[in-house]
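One file, structure-v8.cif, carrying mmCIF, C-alpha atoms and all ligand atoms:
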data_my_file
#
loop_
_atom_site.label_atom_id
_atom_site.label_comp_id
_atom_site.auth_asym_id
_atom_site.auth_seq_id
_atom_site.Cartn_x
_atom_site.Cartn_y
_atom_site.Cartn_z
CA MET A 662 16.45 -13.85 23.60
CA ASN A 663 13.15 -14.88 25.19
CA ASN A 664 13.12 -18.63 25.53
CA SER A 665 9.73 -20.38 25.43
CA LYS A 666 7.89 -17.40 26.77
CA PHE A 667 4.27 -16.91 25.87
CA GLU A 668 3.27 -13.62 24.35
CA TYR A 669 0.38 -11.91 22.61
CA ILE A 670 0.79 -11.74 18.87
CA ARG A 671 -1.30 -9.87 16.36
CA CYS A 672 -1.69 -12.03 13.28
CA HIS A 673 -0.39 -10.06 10.32
CA ILE A 674 -3.06 -11.53 8.05
CA CYS A 675 -6.35 -11.48 10.01
CA GLU A 676 -5.32 -9.28 12.96
CA ALA A 677 -6.60 -11.80 15.53
CA VAL A 678 -4.82 -11.89 18.86
CA ASN A 679 -2.91 -15.13 19.41
CA TYR A 680 -1.24 -16.21 22.62
CA VAL A 681 1.73 -18.34 21.64
CA ASP A 682 5.24 -19.21 22.65
CA ASN A 683 8.11 -19.20 20.20
CA LYS A 684 7.27 -22.50 18.54
CA GLU A 685 6.07 -22.69 15.01
CA THR A 686 2.32 -22.24 15.04
CA LYS A 687 -0.64 -21.32 12.94
CA CYS A 688 -3.01 -18.45 13.59
CA ARG A 689 -6.10 -19.68 15.42
CA ARG A 690 -8.42 -17.82 13.04
CA CYS A 691 -6.96 -17.71 9.53
CA HIS A 692 -4.63 -20.72 9.94
CA GLU A 693 -1.80 -18.86 8.27
CA LYS A 694 1.68 -19.56 9.57
CA ILE A 695 2.98 -17.40 12.38
CA GLU A 696 6.70 -17.10 11.83
CA HIS A 697 8.60 -18.10 14.94
CA ASN A 698 12.05 -17.30 13.67
CA LEU A 699 12.44 -13.58 14.06
CA LYS A 700 16.03 -13.68 12.83
CA PHE A 701 14.63 -14.68 9.46
CA SER A 702 12.45 -11.57 9.38
CA TYR A 703 15.41 -9.45 10.45
CA HIS A 704 17.66 -10.76 7.69
CA LYS A 705 14.97 -10.56 5.04
CA THR A 706 14.33 -6.92 5.92
CA LEU A 707 18.04 -6.19 5.80
CA ALA A 708 18.60 -7.98 2.48
CA PHE A 709 15.73 -6.20 0.74
CA LEU A 710 16.82 -2.88 2.21
CA ILE A 711 20.34 -3.29 0.82
CA THR A 712 18.91 -4.18 -2.59
CA ALA A 713 16.74 -1.05 -2.47
CA ILE A 714 19.68 1.16 -1.50
CA ILE A 715 21.70 -0.25 -4.41
CA PHE A 716 18.88 0.66 -6.80
CA TYR A 717 18.69 4.15 -5.32
CA PHE A 718 21.88 5.17 -7.13
CA PRO A 719 20.95 4.28 -10.74
CA ALA A 720 17.47 5.62 -9.96
CA ASN A 721 18.94 9.04 -9.33
CA LEU A 722 21.88 9.00 -11.73
CA TYR A 723 20.21 7.61 -14.86
CA PRO A 724 17.65 9.67 -16.72
CA ILE A 725 14.10 8.96 -15.65
CA LEU A 726 12.70 10.73 -18.70
CA ILE A 727 13.94 10.87 -22.28
CA SER A 728 12.39 13.23 -24.78
CA LYS A 729 12.93 13.29 -28.52
CA GLN A 730 11.96 16.44 -30.33
CA PHE A 731 12.52 16.63 -34.10
CA GLY A 732 15.50 14.31 -33.87
CA LYS A 733 17.03 16.05 -30.86
CA THR A 734 17.24 13.95 -27.68
CA THR A 735 17.23 15.42 -24.19
CA THR A 736 17.39 13.43 -20.97
CA ASN A 737 16.32 14.31 -17.44
CA THR A 738 17.29 12.75 -14.17
CA ILE A 739 14.94 13.19 -11.21
CA MET A 740 16.92 16.13 -9.80
CA GLU A 741 17.12 17.84 -13.22
CA GLY A 742 13.37 17.41 -13.56
CA ILE A 743 12.79 19.02 -10.17
CA ILE A 744 15.15 21.94 -10.92
CA HIS A 745 13.44 22.42 -14.28
CA LEU A 746 10.03 22.53 -12.61
CA TRP A 747 11.29 24.97 -9.97
CA ASP A 748 12.80 27.28 -12.60
CA SER A 749 9.59 27.29 -14.60
CA GLY A 750 7.70 28.44 -11.50
CA SER A 751 5.79 25.25 -10.63
CA TYR A 752 6.87 25.40 -7.00
CA PRO A 753 4.19 23.17 -5.46
CA ILE A 754 4.75 20.41 -8.03
CA ALA A 755 8.52 20.69 -7.66
CA LEU A 756 8.09 20.28 -3.91
CA ILE A 757 5.75 17.28 -4.26
CA ILE A 758 8.24 15.49 -6.53
CA LEU A 759 11.16 16.44 -4.28
CA LEU A 760 9.34 15.06 -1.24
CA ALA A 761 7.99 11.93 -2.90
CA SER A 762 11.01 10.96 -4.98
CA VAL A 763 14.00 12.13 -2.96
CA PHE A 764 13.04 12.52 0.69
CA VAL A 765 10.51 9.71 1.17
CA PRO A 766 12.91 6.95 -0.04
CA LEU A 767 15.76 8.38 2.06
CA LEU A 768 13.48 8.70 5.09
CA LYS A 769 12.36 5.10 4.63
CA PHE A 770 15.96 3.89 4.46
CA VAL A 771 16.86 5.79 7.60
CA LEU A 772 13.76 4.59 9.49
CA ILE A 773 14.27 0.93 8.58
CA ILE A 774 18.00 1.11 9.42
CA TYR A 775 17.14 2.76 12.74
CA LEU A 776 14.54 0.08 13.54
CA LEU A 777 16.94 -2.72 12.65
CA ILE A 778 19.85 -1.32 14.64
CA SER A 779 17.84 -0.23 17.66
CA THR A 780 16.03 -3.56 17.98
CA LYS A 781 19.24 -5.52 17.57
CA TYR A 782 21.29 -3.53 20.06
CA ASN A 783 18.39 -2.71 22.40
CA ILE A 784 18.87 1.01 22.13
CA HIS A 785 16.68 2.53 24.77
CA SER A 786 13.78 4.42 23.41
CA SER A 787 10.10 3.79 23.80
CA LYS A 788 8.70 0.72 22.04
CA LEU A 789 5.55 2.70 21.45
CA ASP A 790 7.49 5.25 19.41
CA LYS A 791 9.15 2.52 17.40
CA HIS A 792 5.83 0.91 16.55
CA LYS A 793 4.54 4.30 15.44
CA LEU A 794 7.67 4.90 13.35
CA PHE A 795 7.20 1.55 11.66
CA TYR A 796 3.56 2.37 10.95
CA ILE A 797 4.62 5.65 9.30
CA THR A 798 7.33 3.84 7.31
CA GLU A 799 4.73 1.50 5.85
CA ALA A 800 2.27 4.29 5.10
CA ILE A 801 4.61 6.62 3.19
CA GLY A 802 6.30 3.91 1.10
CA PRO A 803 4.19 3.74 -2.05
CA TRP A 804 4.10 7.54 -2.49
CA SER A 805 7.59 7.43 -4.01
CA MET A 806 6.02 5.95 -7.13
CA VAL A 807 4.56 9.33 -8.15
CA ASP A 808 7.41 10.31 -10.46
CA VAL A 809 7.49 6.95 -12.25
CA PHE A 810 3.74 7.15 -12.86
CA VAL A 811 4.07 10.73 -14.12
CA VAL A 812 6.69 9.63 -16.67
CA ILE A 813 4.51 6.73 -17.83
CA ILE A 814 1.47 9.01 -18.22
CA LEU A 815 3.57 11.55 -20.15
CA SER A 816 4.98 8.82 -22.40
CA VAL A 817 1.44 7.86 -23.39
CA LEU A 818 0.28 11.43 -23.98
CA ILE A 819 3.38 12.84 -25.66
CA HIS A 820 3.61 10.21 -28.35
CA PHE A 821 3.60 12.01 -31.70
CA SER A 822 5.70 11.27 -34.75
CA GLU A 823 8.08 14.17 -34.17
CA VAL A 824 7.85 14.63 -30.42
CA LYS A 825 8.10 11.71 -28.04
CA ILE A 826 8.70 11.12 -24.35
CA TYR A 827 9.66 7.80 -22.88
CA PRO A 828 10.83 6.42 -19.55
CA GLY A 829 14.58 6.07 -19.15
CA LYS A 830 16.65 3.51 -17.27
CA GLY A 831 16.23 5.62 -14.15
CA ALA A 832 12.48 4.95 -14.13
CA THR A 833 13.03 1.18 -14.09
CA ALA A 834 15.64 1.48 -11.34
CA PHE A 835 13.35 3.79 -9.39
CA GLY A 836 10.38 1.44 -9.66
CA LEU A 837 12.51 -1.46 -8.47
CA MET A 838 13.87 0.63 -5.62
CA VAL A 839 10.36 1.42 -4.37
CA PHE A 840 9.38 -2.24 -4.80
CA PHE A 841 12.30 -3.48 -2.68
CA THR A 842 11.82 -0.82 0.01
CA MET A 843 8.17 -1.86 0.34
CA ILE A 844 9.07 -5.56 0.55
CA SER A 845 11.72 -4.70 3.12
CA ALA A 846 9.17 -2.89 5.31
CA LEU A 847 6.64 -5.70 4.86
CA SER A 848 9.24 -8.27 5.95
CA PHE A 849 9.88 -6.43 9.19
CA ASP A 850 8.09 -8.23 12.00
CA PRO A 851 6.82 -5.79 14.66
CA ARG A 852 7.66 -8.47 17.23
CA LEU A 853 11.31 -7.53 16.75
CA ILE A 854 10.42 -4.34 18.59
CA ASN A 855 8.57 -6.20 21.35
CA HIS A 856 11.38 -8.68 21.86
CA GLN A 857 13.90 -6.02 22.57
CA LYS A 858 15.05 -6.08 26.17
CA GLY A 859 14.05 -3.34 28.52
CA ASP A 860 10.57 -2.37 29.61
CA THR A 861 7.77 -4.90 29.22
CA SER A 862 4.97 -2.40 29.05
CA ASN A 863 3.27 -4.40 26.32
CA ALA A 864 2.50 -7.38 28.50
CA LYS A 865 -0.64 -6.19 30.20
CA PRO A 866 -4.05 -5.69 28.63
CA MET B 230 -3.44 -20.83 29.92
CA ILE B 231 -5.74 -18.32 28.33
CA THR B 232 -9.05 -19.38 26.85
CA GLU B 233 -10.19 -18.61 23.31
CA GLU B 234 -12.98 -16.38 24.61
CA GLU B 235 -10.51 -14.28 26.51
CA LEU B 236 -8.38 -13.93 23.39
CA ASP B 237 -11.44 -12.98 21.35
CA ASN B 238 -11.94 -10.09 23.69
CA LEU B 239 -8.50 -8.70 23.08
CA ILE B 240 -7.33 -6.45 20.30
CA ILE B 241 -3.87 -5.18 19.44
CA CYS B 242 -3.66 -1.69 17.96
CA LYS B 243 -2.28 -1.81 14.42
CA LYS B 244 -0.32 1.39 14.89
CA CYS B 245 1.26 1.19 18.36
CA HIS B 246 0.74 -2.51 19.14
CA THR B 247 -0.78 -1.80 22.54
CA LEU B 248 -2.92 -4.65 23.82
CA HIS B 249 -6.48 -3.61 24.61
CA LYS B 250 -9.40 -5.38 26.23
CA LYS B 251 -12.47 -4.92 24.08
CA VAL B 252 -15.44 -3.29 25.75
CA PRO B 253 -18.98 -3.64 24.41
CA ILE B 254 -20.06 -0.44 22.68
CA SER B 255 -23.50 0.68 21.60
CA HIS B 256 -24.69 1.15 18.01
CA ASN B 257 -22.84 3.62 15.82
CA LYS B 258 -20.17 4.12 18.45
CA LYS B 259 -16.47 3.72 17.87
CA ALA B 260 -13.62 2.53 20.05
CA PHE B 261 -10.23 4.20 19.78
CA CYS B 262 -6.75 3.27 20.94
CA SER B 263 -5.91 4.82 24.29
CA LYS B 264 -2.32 5.50 23.26
CA CYS B 265 -2.51 6.76 19.68
CA ASP B 266 -6.21 7.52 19.08
CA ILE B 267 -6.49 5.34 16.01
CA LEU B 268 -9.83 3.60 15.36
CA LEU B 269 -9.85 0.09 16.80
CA TYR B 270 -13.36 -1.12 16.03
CA GLN B 271 -16.87 0.22 15.61
CA ASN B 272 -20.39 -0.99 16.00
CA CYS B 273 -22.52 -0.26 12.94
CA PRO B 274 -25.68 -2.21 12.21
CA ASN B 275 -26.01 -3.81 8.72
CA THR B 276 -22.49 -2.96 7.59
CA ILE B 277 -22.55 -5.79 5.06
CA ASP B 278 -25.51 -4.35 3.13
CA LYS B 279 -24.11 -0.82 3.19
CA THR B 280 -20.63 -1.89 2.16
CA LEU B 281 -21.99 -4.18 -0.55
CA ALA B 282 -23.88 -1.27 -2.12
CA LEU B 283 -20.73 0.88 -2.00
CA VAL B 284 -18.54 -1.88 -3.46
CA ILE B 285 -20.93 -2.48 -6.36
CA THR B 286 -20.86 1.23 -7.19
CA ALA B 287 -17.08 1.27 -6.89
CA ALA B 288 -16.75 -1.74 -9.21
CA ILE B 289 -18.86 0.00 -11.87
CA SER B 290 -16.96 3.25 -11.57
CA LEU B 291 -13.59 1.44 -11.73
CA PHE B 292 -14.78 -0.29 -14.90
CA VAL B 293 -15.73 3.09 -16.42
CA ALA B 294 -12.38 4.56 -15.32
CA PHE B 295 -10.48 1.85 -17.19
CA LYS B 296 -12.74 1.63 -20.24
CA PHE B 297 -12.92 5.20 -21.47
CA THR B 298 -10.67 8.22 -21.92
CA ILE B 299 -9.08 9.71 -18.82
CA VAL B 300 -7.70 12.89 -20.39
CA THR B 301 -7.21 14.17 -23.91
CA ILE B 302 -4.53 16.69 -24.77
CA ASP B 303 -4.41 18.94 -27.79
CA ILE B 304 -1.11 20.43 -28.91
CA GLN B 305 -1.61 22.68 -31.94
CA GLY B 306 -4.27 20.48 -33.42
CA LEU B 307 -2.59 17.19 -32.59
CA GLU B 308 -4.69 15.15 -30.20
CA LYS B 309 -3.72 12.33 -27.90
CA SER B 310 -5.82 10.47 -25.33
CA LEU B 311 -4.83 8.63 -22.20
CA THR B 312 -6.65 5.31 -22.04
CA LEU B 313 -5.70 1.92 -20.71
CA TYR B 314 -5.48 0.61 -24.26
CA ALA B 315 -3.10 3.42 -25.34
CA LEU B 316 -1.01 2.62 -22.29
CA PHE B 317 -0.66 -1.06 -23.21
CA MET B 318 0.29 -0.11 -26.76
CA VAL B 319 2.97 2.37 -25.66
CA ILE B 320 4.48 -0.12 -23.20
CA LEU B 321 4.69 -2.79 -25.89
CA GLU B 322 6.06 -0.39 -28.47
CA GLN B 323 8.77 1.05 -26.23
CA HIS B 324 9.70 -2.29 -24.64
CA GLN B 325 9.28 -0.84 -21.15
CA TYR B 326 8.51 -4.24 -19.72
CA ILE B 327 9.62 -3.85 -16.09
CA VAL B 328 8.03 -0.45 -15.56
CA GLY B 329 5.07 -1.50 -17.67
CA ILE B 330 4.38 -4.69 -15.76
CA MET B 331 4.70 -2.86 -12.42
CA PHE B 332 2.30 -0.20 -13.61
CA ILE B 333 -0.27 -2.69 -14.86
CA PHE B 334 -0.18 -4.68 -11.62
CA LEU B 335 -0.26 -1.67 -9.26
CA ILE B 336 -2.88 0.33 -11.14
CA VAL B 337 -5.03 -2.24 -12.90
CA ILE B 338 -4.73 -5.85 -11.74
CA PHE B 339 -4.50 -5.36 -7.97
CA PRO B 340 -7.28 -2.75 -7.68
CA ILE B 341 -9.59 -4.92 -9.81
CA THR B 342 -8.74 -8.02 -7.77
CA ILE B 343 -9.41 -6.14 -4.54
CA ILE B 344 -12.78 -4.78 -5.61
CA PHE B 345 -14.01 -8.11 -7.00
CA SER B 346 -12.77 -10.09 -3.99
CA MET B 347 -14.65 -7.64 -1.76
CA LEU B 348 -17.76 -7.99 -3.90
CA LEU B 349 -17.65 -11.77 -3.86
CA LEU B 350 -16.91 -12.13 -0.16
CA LEU B 351 -19.62 -9.68 0.86
CA ILE B 352 -22.19 -11.52 -1.26
CA LEU B 353 -21.08 -14.85 0.23
CA MET B 354 -21.24 -13.39 3.74
CA LYS B 355 -24.71 -12.06 3.11
CA LEU B 356 -25.83 -15.50 1.93
CA LYS B 357 -23.92 -17.06 4.85
CA LYS B 358 -22.26 -19.50 2.45
CA GLY B 359 -18.74 -20.51 1.45
CA ALA B 360 -16.85 -20.06 4.72
CA TYR B 361 -13.60 -21.39 3.27
CA MET B 362 -13.87 -19.27 0.11
CA VAL B 363 -14.46 -16.11 2.13
CA GLN B 364 -11.46 -16.93 4.29
CA ARG B 365 -9.22 -17.43 1.24
CA LEU B 366 -10.46 -14.15 -0.24
CA LEU B 367 -9.70 -12.30 3.00
CA ILE B 368 -6.19 -13.76 3.07
CA LEU B 369 -5.68 -12.77 -0.57
CA LEU B 370 -6.84 -9.24 0.27
CA ALA B 371 -4.39 -9.01 3.17
CA HIS B 372 -1.54 -9.79 0.80
CA ILE B 373 -2.37 -7.45 -2.06
CA ARG B 374 -3.82 -4.48 -0.19
CA PRO B 375 -0.47 -2.67 0.25
CA TRP B 376 0.12 -2.94 -3.50
CA SER B 377 -2.89 -1.10 -4.87
CA MET B 378 -1.90 2.40 -5.95
CA VAL B 379 -4.89 4.02 -7.67
CA ASP B 380 -4.72 6.99 -5.30
CA ILE B 381 -1.06 7.57 -6.12
CA PHE B 382 -1.82 7.20 -9.81
CA PHE B 383 -4.42 9.95 -9.48
CA ILE B 384 -1.94 12.36 -7.86
CA SER B 385 0.55 11.49 -10.61
CA LEU B 386 -2.12 12.30 -13.17
CA LEU B 387 -2.59 15.75 -11.64
CA VAL B 388 1.17 16.34 -11.63
CA ALA B 389 1.43 15.27 -15.29
CA MET B 390 -1.42 17.63 -16.20
CA VAL B 391 0.27 20.57 -14.48
CA LYS B 392 3.46 19.77 -16.40
CA LEU B 393 1.56 19.85 -19.70
CA PHE B 394 -0.51 22.88 -18.86
CA ASP B 395 1.74 25.35 -20.65
CA TYR B 396 2.00 23.42 -23.89
CA ALA B 397 -1.30 21.73 -24.36
CA TYR B 398 -5.03 22.19 -24.17
CA ILE B 399 -6.27 19.57 -21.70
CA GLU B 400 -9.72 18.06 -21.75
CA LEU B 401 -10.91 15.78 -18.97
CA GLY B 402 -12.63 12.58 -20.04
CA VAL B 403 -15.43 10.49 -18.55
CA SER B 404 -12.88 8.20 -16.91
CA PHE B 405 -11.30 11.08 -15.02
CA VAL B 406 -14.60 11.70 -13.24
CA ALA B 407 -15.02 7.95 -12.68
CA LEU B 408 -11.53 7.82 -11.20
CA VAL B 409 -12.33 10.58 -8.71
CA PHE B 410 -15.58 8.81 -7.87
CA THR B 411 -13.78 5.49 -7.32
CA LEU B 412 -11.30 7.11 -4.95
CA ILE B 413 -14.03 8.80 -2.92
CA LEU B 414 -15.92 5.50 -2.69
CA ASP B 415 -12.75 3.76 -1.63
CA ILE B 416 -12.31 6.22 1.24
CA ILE B 417 -15.94 5.72 2.32
CA ILE B 418 -15.60 1.92 2.16
CA THR B 419 -12.43 1.96 4.27
CA LYS B 420 -14.18 4.21 6.80
CA ASN B 421 -17.25 2.01 6.78
CA ILE B 422 -15.60 -1.32 7.38
CA SER B 423 -12.08 -2.17 8.40
CA PHE B 424 -10.28 -5.34 7.53
CA TYR B 425 -10.41 -6.32 11.18
CA GLU B 426 -14.19 -5.98 11.17
CA LEU B 427 -14.48 -8.15 8.06
CA TRP B 428 -12.65 -10.90 9.90
CA GLU B 429 -14.84 -10.38 12.98
CA LEU B 430 -17.91 -10.75 10.79
CA HIS B 431 -16.45 -13.88 9.26
CA THR B 432 -16.04 -15.35 12.72
CA LYS B 433 -19.54 -14.27 13.75
CA ILE B 434 -21.17 -15.76 10.66
CA TYR B 435 -19.23 -18.97 10.18
CA GLY B 436 -17.67 -19.62 13.59
CA TRP B 437 -14.04 -20.45 14.24
CA HIS B 438 -13.68 -23.60 12.20
CA GLU B 439 -14.90 -24.19 8.72
ZN ZN C 1 -4.62 -14.84 11.45
ZN ZN C 2 -2.56 2.56 19.30
#
Using structure tokens, write down the structure that the file contains.
Amino acid sequence: MNNSKFEYIRCHICEAVNYVDNKETKCRRCHEKIEHNLKFSYHKTLAFLITAIIFYFPANLYPILISKQFGKTTTNTIMEGIIHLWDSGSYPIALIILLASVFVPLLKFVLIIYLLISTKYNIHSSKLDKHKLFYITEAIGPWSMVDVFVVIILSVLIHFSEVKIYPGKGATAFGLMVFFTMISALSFDPRLINHQKGDTSNAKP
Amino acid sequence: MITEEELDNLIICKKCHTLHKKVPISHNKKAFCSKCDILLYQNCPNTIDKTLALVITAAISLFVAFKFTIVTIDIQGLEKSLTLYALFMVILEQHQYIVGIMFIFLIVIFPITIIFSMLLLLILMKLKKGAYMVQRLLILLAHIRPWSMVDIFFISLLVAMVKLFDYAYIELGVSFVALVFTLILDIIITKNISFYELWELHTKIYGWHE
């Protein structure tokens, strides 16, 4: 890796440009710590990602929504909910839930795994593209929460003596999955991309 | 070695991490990244006053959104309203602590913290007082900004309403309008002043060291 080489770093708190080598330092503006150990960031990202992937299974297998109607209980997993919506003709809503709950988490997993592998093994592709990918990963993350919020809203509204809806185990698992994916992305230090060997196009202003 | 002034004149794009040299721009002009076209910085006169007015309005409308009824549904004469209070009660009653705590933090506590930190730091900046306090508030904001999900809550609300459309008569409450208003204001505030510009103003007003 780069030994005692100075580089420009964007502080992740105040966005000021710092020019530092790989010693432990503080940001010149906000005085927050600038992490010098990128391996730590790498492992944190990986650990949180694995936790998130583990939660992905109960999130999809357990019911996210339980409804009790006149003593009869029915449960719905995320996929069942989407199929139900599709069958009842709510195509746009079915698509929104499918995108937000199924594809966005998977896409985030794939993107983070790609970033981790490609920065570790210096797979040749543009650093610019990787930074953009990471930016997208961060931006789409929270949108997976839509389905959990919908269930919570429904559980407040459909709360009569004979008819009730409440969140199932799947909702808890799903919420935790989104939480850990977001932490994983936030732990990823963009410098991992810069430190990858290959072109040094980022060095010049 | 590179001097502080030289560093002050550099900016790294938040999207593509390209290093740019800042160029002076005239009033009401914006500078964009040469690689990905994202806004880097802008030059608006009296941003603090404008943003302060917007933040005060947003704080009031967020208060209204949380205080009153968001929607009321009517299923064959049975009525139920969605309010923050009803939400707390349901969470306690159903023992949904993990989901409930997440919801309360993402939808209520973080958005309120953000808006009041903004309010406080803008007032302090306007008075040119409390350099350290403003700095701490800005650092706090940097940490909790990714965790505020009012916009996602609003989309979820629309989805929930569509799901109920066939079974229930839906009536929008005062808070629903306030929620829309808050979101619009939030977009305008983000357009008006970026986090980077808040830090730049901090530096301009208080200097580098407190
Ligand atoms: Zn900083
Ligand atoms: Zn850029």
Which residues form the shell of 9 Å around ligand ZN 1 (chain C) when you count only C-alpha atoms and all ligand atoms, given as a PyMOL selection string? (chain A and resi 671-679+687-695) or (chain B and resi 368)
Residues of chain B that have any atom at most 7 Å from an atom of chain A: could you tabulate them with the shortest-distance atom pair and the distance in Å to one decimal, using all atoms listed in the file, ordered by chain and increasing number, as JSON lines?
{"residue": "B:Leu236", "atom": "CA", "partner": "A:Val678", "partner_atom": "CA", "distance": 6.1}
{"residue": "B:Leu239", "atom": "CA", "partner": "A:Val678", "partner_atom": "CA", "distance": 6.4}
{"residue": "B:Ile240", "atom": "CA", "partner": "A:Val678", "partner_atom": "CA", "distance": 6.2}
{"residue": "B:Ile241", "atom": "CA", "partner": "A:Arg671", "partner_atom": "CA", "distance": 6.2}
{"residue": "B:Lys244", "atom": "CA", "partner": "A:Tyr796", "partner_atom": "CA", "distance": 5.6}
{"residue": "B:Cys245", "atom": "CA", "partner": "A:His792", "partner_atom": "CA", "distance": 4.9}
{"residue": "B:His246", "atom": "CA", "partner": "A:His792", "partner_atom": "CA", "distance": 6.7}
{"residue": "B:Thr247", "atom": "CA", "partner": "A:Asn863", "partner_atom": "CA", "distance": 6.1}
{"residue": "B:Leu248", "atom": "CA", "partner": "A:Pro866", "partner_atom": "CA", "distance": 5.0}
{"residue": "B:His249", "atom": "CA", "partner": "A:Pro866", "partner_atom": "CA", "distance": 5.1}
{"residue": "B:Lys250", "atom": "CA", "partner": "A:Pro866", "partner_atom": "CA", "distance": 5.9}
{"residue": "B:Lys309", "atom": "CA", "partner": "A:Leu818", "partner_atom": "CA", "distance": 5.7}
{"residue": "B:Ser310", "atom": "CA", "partner": "A:Leu818", "partner_atom": "CA", "distance": 6.3}
{"residue": "B:Leu311", "atom": "CA", "partner": "A:Leu818", "partner_atom": "CA", "distance": 6.1}
{"residue": "B:Ala315", "atom": "CA", "partner": "A:Val817", "partner_atom": "CA", "distance": 6.6}
{"residue": "B:Leu316", "atom": "CA", "partner": "A:Val817", "partner_atom": "CA", "distance": 5.9}
{"residue": "B:Val319", "atom": "CA", "partner": "A:Val817", "partner_atom": "CA", "distance": 6.1}
{"residue": "B:Ile327", "atom": "CA", "partner": "A:Thr833", "partner_atom": "CA", "distance": 6.4}
{"residue": "B:Val328", "atom": "CA", "partner": "A:Thr833", "partner_atom": "CA", "distance": 5.5}
{"residue": "B:Gln364", "atom": "CA", "partner": "A:Cys691", "partner_atom": "CA", "distance": 7.0}
{"residue": "B:Ile368", "atom": "CA", "partner": "A:Ile674", "partner_atom": "CA", "distance": 6.3}
{"residue": "B:Ala371", "atom": "CA", "partner": "A:Ile674", "partner_atom": "CA", "distance": 5.7}
{"residue": "B:Ile381", "atom": "CA", "partner": "A:Val807", "partner_atom": "CA", "distance": 6.2}
{"residue": "B:Phe382", "atom": "CA", "partner": "A:Phe810", "partner_atom": "CA", "distance": 6.3}
{"residue": "B:Ser385", "atom": "CA", "partner": "A:Val811", "partner_atom": "CA", "distance": 5.0}
{"residue": "B:Leu386", "atom": "CA", "partner": "A:Val811", "partner_atom": "CA", "distance": 6.5}
{"residue": "B:Val388", "atom": "CA", "partner": "A:Ile754", "partner_atom": "CA", "distance": 6.5}
{"residue": "B:Ala389", "atom": "CA", "partner": "A:Val811", "partner_atom": "CA", "distance": 5.4}
{"residue": "B:Tyr425", "atom": "CA", "partner": "A:Glu676", "partner_atom": "CA", "distance": 6.2}
{"residue": "B:Trp428", "atom": "CA", "partner": "A:Cys675", "partner_atom": "CA", "distance": 6.3}
{"residue": "B:Trp437", "atom": "CA", "partner": "A:Arg690", "partner_atom": "CA", "distance": 6.3}
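Look at Phe261 in chain B: the protein and nucleic acid residues within 10 Å of it, using all atoms listed in the file and passing over chain neighbours fewer than 2 places away, are B:Cys242, B:His249, B:Lys259, B:Ser263, B:Lys264, B:Cys265, B:Asp266, B:Ile267, B:Leu268, B:Leu269, B:Tyr270, B:Gln271.
Between CA of Asn421 in chain B and CA of Thr280 in chain B there is a distance of 6.9 Å.
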Kindly compute an axis-aligned box around the listed atoms of range 794-806 of chain A, allowing 5 Å on each side, and express its centre and edge lengths in Å to one decimal as AutoDock Vina command-line options.
--center_x 5.0 --center_y 4.5 --center_z 3.1 --size_x 15.4 --size_y 16.0 --size_z 30.5
Counting all atoms listed in the file, select every polymer residue within 9 Å of (-10.3, 8.4, -12.0) as defined in the file's coordinates, and provide the selection as a PyMOL selection string. chain B and resi 290-291+293-295+299+379-380+382-383+403-412
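Relative to CA of Gly329 in chain B, CA of Glu823 in chain A is found at 23.0 Å.
CA of Gly402 in chain B lies 27.3 Å from CA of Ile725 in chain A.
Between ligand ZN 2 (chain C) and the candidates B:Ala260, B:Asp237, B:Leu370, B:Ile333, the tightest atom-to-atom separation, counting all atoms listed in the file, involves B:Ala260.
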Sel. within 6 Å of pt (-10.2, 3.4, -22.7), counting all atoms listed in the file, output as a ChimeraX atom specification: /B:295-298,312-314
Report as a list of chain:residue names all protein, DNA and RNA residues lying within 12 Å of Thr276 in chain B, evaluated on only C-alpha atoms, omitting residues in the same chain fewer than 3 positions from it. B:His256, B:Asn257, B:Gln271, B:Asn272, B:Cys273, B:Lys279, B:Thr280, B:Leu281, B:Ala282, B:Leu283, B:Val284, B:Leu351, B:Met354, B:Lys355, B:Ile418, B:Thr419, B:Lys420, B:Asn421, B:Ile422, B:Ser423, B:Glu426, B:Leu427, B:Glu429, B:Leu430
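Comparing A:Leu853, A:Ile711, A:Val839, A:Leu759 by their smallest distance to Ile774 in chain A, the closest is A:Ile711 (using all atoms listed in the file).
Nearest to ligand ZN 2 (chain C) of all the residues B:Ile352, B:Ser255, B:Cys262, B:Phe332 is B:Cys262, based on all atoms listed in the file.
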